[in-house]
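> Handing over model28.cif, mmCIF, C-alpha atoms.
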```
data_input
loop_
_atom_site.label_atom_id
_atom_site.label_comp_id
_atom_site.auth_asym_id
_atom_site.auth_seq_id
_atom_site.Cartn_x
_atom_site.Cartn_y
_atom_site.Cartn_z
CA GLU A 1 -20.67 -109.49 115.24
CA LYS A 2 -18.09 -107.93 112.93
CA ILE A 3 -14.82 -106.88 114.54
CA PRO A 4 -14.21 -103.18 113.91
CA ASN A 5 -11.37 -102.79 111.39
CA LEU A 6 -8.97 -100.09 110.20
CA ASP A 7 -11.68 -98.32 108.17
CA SER A 8 -14.02 -98.07 111.14
CA PHE A 9 -11.09 -97.02 113.39
CA LEU A 10 -10.19 -94.19 110.98
CA ASP A 11 -13.82 -93.15 110.66
CA ASP A 12 -14.28 -93.10 114.45
CA LEU A 13 -10.94 -91.34 115.06
CA GLY A 14 -11.73 -88.75 112.38
CA HIS A 15 -15.17 -88.23 113.86
CA ARG A 16 -13.66 -87.71 117.31
CA GLU A 17 -10.93 -85.37 116.06
CA SER A 18 -12.83 -83.21 113.54
CA SER A 19 -16.32 -84.60 112.83
CA ASN A 20 -14.60 -86.16 109.80
CA ARG A 21 -13.89 -82.78 108.19
CA TYR A 22 -10.77 -82.60 106.05
CA ASP A 23 -10.84 -78.78 105.94
CA VAL A 24 -10.95 -77.95 109.65
CA VAL A 25 -8.21 -76.17 111.67
CA ASN A 26 -8.53 -75.94 115.45
CA GLN A 27 -7.46 -73.07 117.71
CA TYR A 28 -4.00 -74.62 118.18
CA GLY A 29 -3.39 -74.90 114.44
CA TYR A 30 -3.97 -78.65 114.17
CA MET A 31 -5.30 -79.47 110.74
CA GLY A 32 -7.64 -81.76 108.89
CA LYS A 33 -9.67 -84.84 109.65
CA TYR A 34 -7.09 -86.23 112.10
CA GLN A 35 -5.86 -82.90 113.46
CA PHE A 36 -2.23 -83.09 112.37
CA GLY A 37 0.36 -80.63 113.60
CA ASN A 38 3.10 -79.25 111.39
CA SER A 39 5.83 -81.03 113.32
CA THR A 40 4.10 -84.41 112.85
CA LEU A 41 3.76 -83.79 109.11
CA LYS A 42 7.42 -82.80 108.84
CA GLY A 43 8.38 -85.90 110.84
CA LEU A 44 6.51 -88.02 108.29
CA GLY A 45 8.50 -86.36 105.50
CA TYR A 46 5.84 -83.98 104.22
CA ASN A 47 6.64 -80.46 103.17
CA ILE A 48 3.21 -79.16 102.27
CA SER A 49 1.30 -75.92 102.71
CA ARG A 50 -1.69 -75.75 105.03
CA LYS A 51 -3.95 -75.05 102.03
CA GLU A 52 -2.62 -78.05 100.08
CA PHE A 53 -3.00 -80.31 103.12
CA LEU A 54 -6.55 -79.20 103.90
CA ASN A 55 -7.55 -79.71 100.26
CA SER A 56 -6.06 -83.23 100.02
CA PRO A 57 -8.17 -85.95 101.64
CA ASP A 58 -5.91 -88.55 99.98
CA ILE A 59 -2.81 -87.12 101.62
CA GLN A 60 -4.56 -86.95 104.99
CA GLU A 61 -5.61 -90.60 104.76
CA GLU A 62 -2.10 -91.60 103.66
CA ASP A 63 -0.62 -89.60 106.55
CA ILE A 64 -2.68 -91.19 109.27
CA VAL A 65 -1.73 -94.71 108.16
CA LYS A 66 1.96 -93.68 107.98
CA LEU A 67 1.69 -92.21 111.48
CA LEU A 68 -0.06 -95.29 112.89
CA LYS A 69 2.69 -97.50 111.43
CA ALA A 70 5.44 -95.23 112.81
CA ASN A 71 3.83 -95.17 116.27
CA LYS A 72 3.32 -98.93 116.17
CA LYS A 73 7.06 -99.33 115.57
CA VAL A 74 7.86 -97.07 118.55
CA LEU A 75 5.38 -98.92 120.79
CA LYS A 76 6.14 -102.43 119.47
CA ARG A 77 7.45 -103.79 122.80
CA GLN A 78 4.58 -102.33 124.83
CA ILE A 79 1.98 -103.69 122.40
CA LYS A 80 3.55 -107.15 122.38
CA LYS A 81 3.80 -107.27 126.17
CA TYR A 82 0.54 -105.64 127.26
CA ASP A 83 -2.09 -106.12 124.50
CA GLY A 84 -5.25 -107.39 126.22
CA GLN A 85 -4.00 -106.64 129.75
CA LEU A 86 -4.83 -104.08 132.39
CA VAL A 87 -2.23 -101.35 132.79
CA ASN A 88 -2.80 -98.73 135.50
CA GLY A 89 -6.38 -100.04 135.74
CA VAL A 90 -7.09 -99.61 132.01
CA LEU A 91 -7.52 -102.40 129.44
CA VAL A 92 -4.82 -101.94 126.81
CA THR A 93 -5.11 -102.98 123.16
CA GLU A 94 -2.98 -102.13 120.15
CA SER A 95 -5.65 -99.87 118.64
CA GLY A 96 -6.20 -98.04 121.92
CA LEU A 97 -2.49 -97.41 122.37
CA LEU A 98 -2.14 -96.16 118.80
CA ALA A 99 -5.09 -93.80 119.24
CA ALA A 100 -3.53 -92.48 122.46
CA ALA A 101 -0.19 -92.07 120.68
CA HIS A 102 -1.97 -90.00 118.05
CA LEU A 103 -3.40 -87.82 120.82
CA VAL A 104 -0.30 -87.22 122.98
CA GLY A 105 2.62 -88.89 121.18
CA PRO A 106 4.12 -92.37 121.66
CA GLY A 107 6.69 -91.16 124.20
CA SER A 108 3.94 -89.97 126.54
CA VAL A 109 2.12 -93.30 126.12
CA LYS A 110 5.32 -95.15 127.14
CA LYS A 111 5.72 -92.92 130.22
CA TRP A 112 2.11 -93.51 131.24
CA MET A 113 2.60 -97.27 130.92
CA ARG A 114 5.79 -97.10 132.96
CA ASN A 115 4.63 -94.95 135.84
CA GLY A 116 0.96 -94.02 135.40
CA ARG A 117 1.73 -90.35 134.74
CA MET A 118 -1.33 -88.83 133.05
CA PHE A 119 -1.03 -86.91 129.80
CA GLU A 120 -3.70 -84.95 127.98
CA ASP A 121 -3.97 -82.87 124.85
CA GLY A 122 -4.53 -79.10 124.69
CA ASN A 123 -8.28 -79.62 125.08
CA GLY A 124 -7.85 -81.63 128.29
CA ILE A 125 -8.59 -85.03 126.70
CA LYS A 126 -6.74 -87.69 128.70
CA LEU A 127 -4.79 -90.41 126.91
CA THR A 128 -6.70 -93.05 128.90
CA GLU A 129 -9.93 -91.82 127.32
CA TYR A 130 -8.50 -92.61 123.87
CA ILE A 131 -7.10 -95.96 125.06
CA GLN A 132 -10.59 -96.95 126.22
CA THR A 133 -12.60 -95.38 123.39
CA PHE A 134 -10.45 -96.97 120.68
CA ASN A 135 -10.00 -100.40 122.26
CA GLY A 136 -10.34 -103.58 120.27
CA TYR A 137 -10.15 -102.57 116.62
CA GLN A 138 -8.41 -105.03 114.27
CA LEU A 139 -6.02 -102.68 112.47
CA ASP A 140 -3.83 -105.07 110.45
CA ILE A 141 -1.20 -102.43 109.74
#
```
Please express what this file holds, its structure, as structure tokens.


Amino acid sequence: EKIPNLDSFLDDLGHRESSNRYDVVNQYGYMGKYQFGNSTLKGLGYNISRKEFLNSPDIQEEDIVKLLKANKKVLKRQIKKYDGQLVNGVLVTESGLLAAAHLVGPGSVKKWMRNGRMFEDGNGIKLTEYIQTFNGYQLDI
């Protein structure tokens, strides 16, 4: 059996976030295939209009990899220490943590790991759901 890789992770994450639609904007203003917020884009160094962003699949794909790498850097210690272990009753893997960090931010993931405090997005999706759904992908980033 083939281990799911970065491409399948991005396809599954995009499907979960937007049904893999680059042009979608949700009710909170999150945009594109991976539902990026303006503050995240600015943090990644992008100064781009909504229209430009929604019409640029290449930029969206570039952005998500940049964000995954940035979040991996922030969560480096947690990944190294807990990959493959149960934390607060949930199996933790690098890909699961990075998906959760995309959902609620890496700081919230760290807090959850420290004290079990639950975080969810505006739609009520819990970070543990993303940790479990996106477990076990081989990202190689």

> Suppose you want the space between atom CA of A:Val87 and atom CA of A:His102; what is it in Å?

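The value is 18.6 Å.
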
> Which is closest to A:Asn88 among A:Asn71, A:Thr128, A:Asn5, A:Ser49, if we use all atoms listed in the file?

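Of A:Asn71, A:Thr128, A:Asn5, A:Ser49, the one nearest A:Asn88, counting all atoms listed in the file, is A:Thr128.
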
> Please write as number ranges by chain the full residue list that the PyMOL selection byres ((chain A and resi 23-40) around 9) yields on this file.

A: 10, 13-22, 41-46, 50-51, 53-57, 60-61, 63-64, 67, 102, 122

> What's the 7 Å shell around stretch 92-100 of chain A, counting all atoms listed in the file, without same-chain residues fewer than 4 positions away, as a count of residues only?

21

> Find the distance between atom CA of A:Gly107 and atom CA of A:Glu52 and write it in Å to one decimal.

29.0 Å

> Can you tell me how far atom CA of A:Trp112 sits from atom CA of A:Pro4, in Å to one decimal?

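Atom CA of A:Pro4 lies at a distance of 25.7 Å from atom CA of A:Trp112.
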
> Missing atoms in stretch 68-79 of chain A: fill them in up to all heavy atoms and send the result as a short mmCIF file (atom, residue, chain, number, x, y, z; two decimals), in the coordinates of the input.


```cif
data_model
loop_
_atom_site.label_atom_id
_atom_site.label_comp_id
_atom_site.auth_asym_id
_atom_site.auth_seq_id
_atom_site.Cartn_x
_atom_site.Cartn_y
_atom_site.Cartn_z
N LEU A 68 0.28 -94.10 112.10
CA LEU A 68 -0.06 -95.29 112.89
C LEU A 68 1.06 -96.33 112.81
O LEU A 68 1.43 -96.92 113.83
CB LEU A 68 -1.38 -95.90 112.41
CG LEU A 68 -2.65 -95.11 112.72
CD1 LEU A 68 -3.84 -95.68 111.96
CD2 LEU A 68 -2.93 -95.04 114.21
N LYS A 69 1.60 -96.52 111.60
CA LYS A 69 2.69 -97.50 111.43
C LYS A 69 3.94 -97.05 112.18
O LYS A 69 4.61 -97.86 112.82
CB LYS A 69 3.00 -97.69 109.95
CG LYS A 69 1.95 -98.51 109.23
CD LYS A 69 2.28 -98.66 107.75
CE LYS A 69 1.27 -99.58 107.08
NZ LYS A 69 1.45 -99.67 105.63
N ALA A 70 4.26 -95.76 112.10
CA ALA A 70 5.44 -95.23 112.81
C ALA A 70 5.27 -95.38 114.32
O ALA A 70 6.19 -95.82 115.02
CB ALA A 70 5.66 -93.76 112.43
N ASN A 71 4.08 -95.05 114.83
CA ASN A 71 3.83 -95.17 116.27
C ASN A 71 3.81 -96.63 116.71
O ASN A 71 4.25 -96.96 117.82
CB ASN A 71 2.53 -94.46 116.65
CG ASN A 71 2.66 -92.95 116.64
OD1 ASN A 71 3.77 -92.42 116.71
ND2 ASN A 71 1.55 -92.26 116.53
N LYS A 72 3.33 -97.50 115.85
CA LYS A 72 3.32 -98.93 116.17
C LYS A 72 4.76 -99.43 116.33
O LYS A 72 5.05 -100.23 117.22
CB LYS A 72 2.59 -99.72 115.09
CG LYS A 72 2.51 -101.21 115.40
CD LYS A 72 1.67 -101.95 114.39
CE LYS A 72 1.70 -103.45 114.67
NZ LYS A 72 0.76 -104.19 113.82
N LYS A 73 5.65 -98.95 115.48
CA LYS A 73 7.06 -99.33 115.57
C LYS A 73 7.65 -98.87 116.90
O LYS A 73 8.34 -99.62 117.59
CB LYS A 73 7.82 -98.68 114.40
CG LYS A 73 9.06 -99.43 113.98
CD LYS A 73 9.64 -98.85 112.69
CE LYS A 73 9.04 -99.54 111.49
NZ LYS A 73 9.61 -99.05 110.22
N VAL A 74 7.35 -97.62 117.29
CA VAL A 74 7.86 -97.07 118.55
C VAL A 74 7.30 -97.83 119.75
O VAL A 74 8.00 -98.03 120.75
CB VAL A 74 7.51 -95.56 118.67
CG1 VAL A 74 7.93 -95.01 120.02
CG2 VAL A 74 8.19 -94.76 117.55
N LEU A 75 6.06 -98.27 119.66
CA LEU A 75 5.38 -98.92 120.79
C LEU A 75 5.35 -100.45 120.67
O LEU A 75 4.64 -101.12 121.42
CB LEU A 75 3.94 -98.40 120.90
CG LEU A 75 3.80 -96.93 121.28
CD1 LEU A 75 2.37 -96.46 121.10
CD2 LEU A 75 4.26 -96.69 122.72
N LYS A 76 6.17 -100.99 119.77
CA LYS A 76 6.14 -102.43 119.47
C LYS A 76 6.27 -103.29 120.73
O LYS A 76 5.49 -104.21 120.94
CB LYS A 76 7.27 -102.76 118.49
CG LYS A 76 7.17 -104.14 117.88
CD LYS A 76 8.14 -104.31 116.73
CE LYS A 76 9.58 -104.21 117.23
NZ LYS A 76 10.57 -104.18 116.17
N ARG A 77 7.23 -102.98 121.58
CA ARG A 77 7.45 -103.79 122.80
C ARG A 77 6.26 -103.71 123.74
O ARG A 77 5.84 -104.72 124.32
CB ARG A 77 8.73 -103.35 123.51
CG ARG A 77 9.97 -103.94 122.83
CD ARG A 77 11.28 -103.73 123.57
NE ARG A 77 11.23 -103.70 125.00
CZ ARG A 77 11.62 -102.65 125.75
NH1 ARG A 77 12.08 -101.56 125.18
NH2 ARG A 77 11.55 -102.71 127.05
N GLN A 78 5.72 -102.51 123.92
CA GLN A 78 4.58 -102.33 124.83
C GLN A 78 3.35 -103.07 124.30
O GLN A 78 2.62 -103.70 125.07
CB GLN A 78 4.26 -100.83 124.99
CG GLN A 78 5.27 -100.07 125.81
CD GLN A 78 6.56 -99.76 125.06
OE1 GLN A 78 6.68 -99.94 123.86
NE2 GLN A 78 7.55 -99.28 125.79
N ILE A 79 3.13 -103.00 122.98
CA ILE A 79 1.98 -103.69 122.40
C ILE A 79 2.12 -105.19 122.59
O ILE A 79 1.19 -105.87 123.03
CB ILE A 79 1.83 -103.33 120.89
CG1 ILE A 79 1.40 -101.87 120.74
CG2 ILE A 79 0.83 -104.26 120.21
CD1 ILE A 79 1.53 -101.31 119.33
#
```
